[in-house]
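J.: Got a structure for you, questions after.
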Amino acid sequence: MAVKHVLLFRRLNNTNTDPFTILDLLQVASSARSSKVKNPVAPIRVPFNQWNLAPGDIPSFKLIETDLSFAFLDIGPLSKGHALVIPKYHAEKLHELPDEHLTDILPIAKKIAVAQGLVDYNILQNNGRIAHQEVDHVHFHIIPKPSAEQGLTIGWPSKPADKAELQKYAAEIAGKL
């Protein structure tokens, strides 16, 4: 089945801002990572309030769970120990997630890295399709990097920046914080 990560939740009530209860599995398959299918998730995207699955419908490899978050192993890992941490509150993008959920997620990611004895690793979180977000729910990857060949491989096309433009933009952003 050429399907990427799909998160499954049970709706607690009918408003769009209310939290969700996580099911046992938050991921169906990730075989499409190597697939030539351009957008394999699109046919199965269903609004969260229309999902009605019982716990245990699909197995998961749970690592840790709190009142606010759930962490599990990726079933299509980039390297051994590749894990995901997700909030139980539904938000598509990071800036839509309440801060109390964010304060729960990074300590869990740290615990997973420490538990594996990781020396080199990536914490990855994408927002939006052109930023490589394939699941319409905030999630953080903990990706062990045991060698140059294993784990996340990325490019970083940095460019020289005009210092005056940087200073002006920094002031603009700081003024909005």
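We name chains A, B, ... following the order of the structure tokens; residues begin at 1 in each chain, and ligands are numbered from 1 as shown.
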A:Phe72: which residues within 7 Å, counting only C-alpha atoms, same-chain residues fewer than 3 positions away excluded, as a list in words?

T.: Ser60, Phe61, Lys62, Leu63, Ala83, Leu84 and Val85 of chain A

J.: With a distance cut-off of 10 Å and only C-alpha atoms, select the neighbouring residues of A:Ile105, excluding the residue or stretch itself and same-chain residues fewer than 6 positions from it, and output the selection as a ChimeraX atom specification.

T.: /A:66,68-71,85-87,139-140

J.: Smallest atom-to-atom distance to A:Leu152: which of A:Val119, A:Ala174, A:Leu78, A:Ala91, using only C-alpha atoms?

T.: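 Once distances to A:Leu152 are computed over only C-alpha atoms, the minimum belongs to A:Leu78.
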
J.: With only C-alpha atoms as the atoms that count, which of A:Glu172, A:His101, A:Val135, A:Leu106 lies nearest to A:Asp67?

T.: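 Result for the nearest residue to A:Asp67: A:His101.
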
J.: For A:Thr153, find every residue with an atom within 12 Å (counting only C-alpha atoms), except residues of its own chain fewer than 3 positions away, and show them as a list in words.

T.: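 What passes the distance filter is Leu78, Ser79, Tyr121, Asn122, Leu124, Ile143, Pro144, Lys145, Pro146, Ser147, Ala148, Glu149, Gln150 and Trp156 of chain A.
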
J.: Report, in Å with one decimal, the straight-line distance from atom CA of A:His90 to atom CA of A:Ile142.

T.: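 Interatomic distance here is 19.8 Å.
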
J.: Measuring between only C-alpha atoms, which one of A:Gly81, A:Lys93, A:Val138, A:Ala161 shows the shortest distance to A:Gly117?

T.: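 Closest candidate: A:Gly81.
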
J.: Could you jot down the atom CA of A:Asn127 to atom CA of A:His141 separation for me, Å, one decimal place?

T.: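 Between atom CA of A:Asn127 and atom CA of A:His141 the gap is 12.7 Å.
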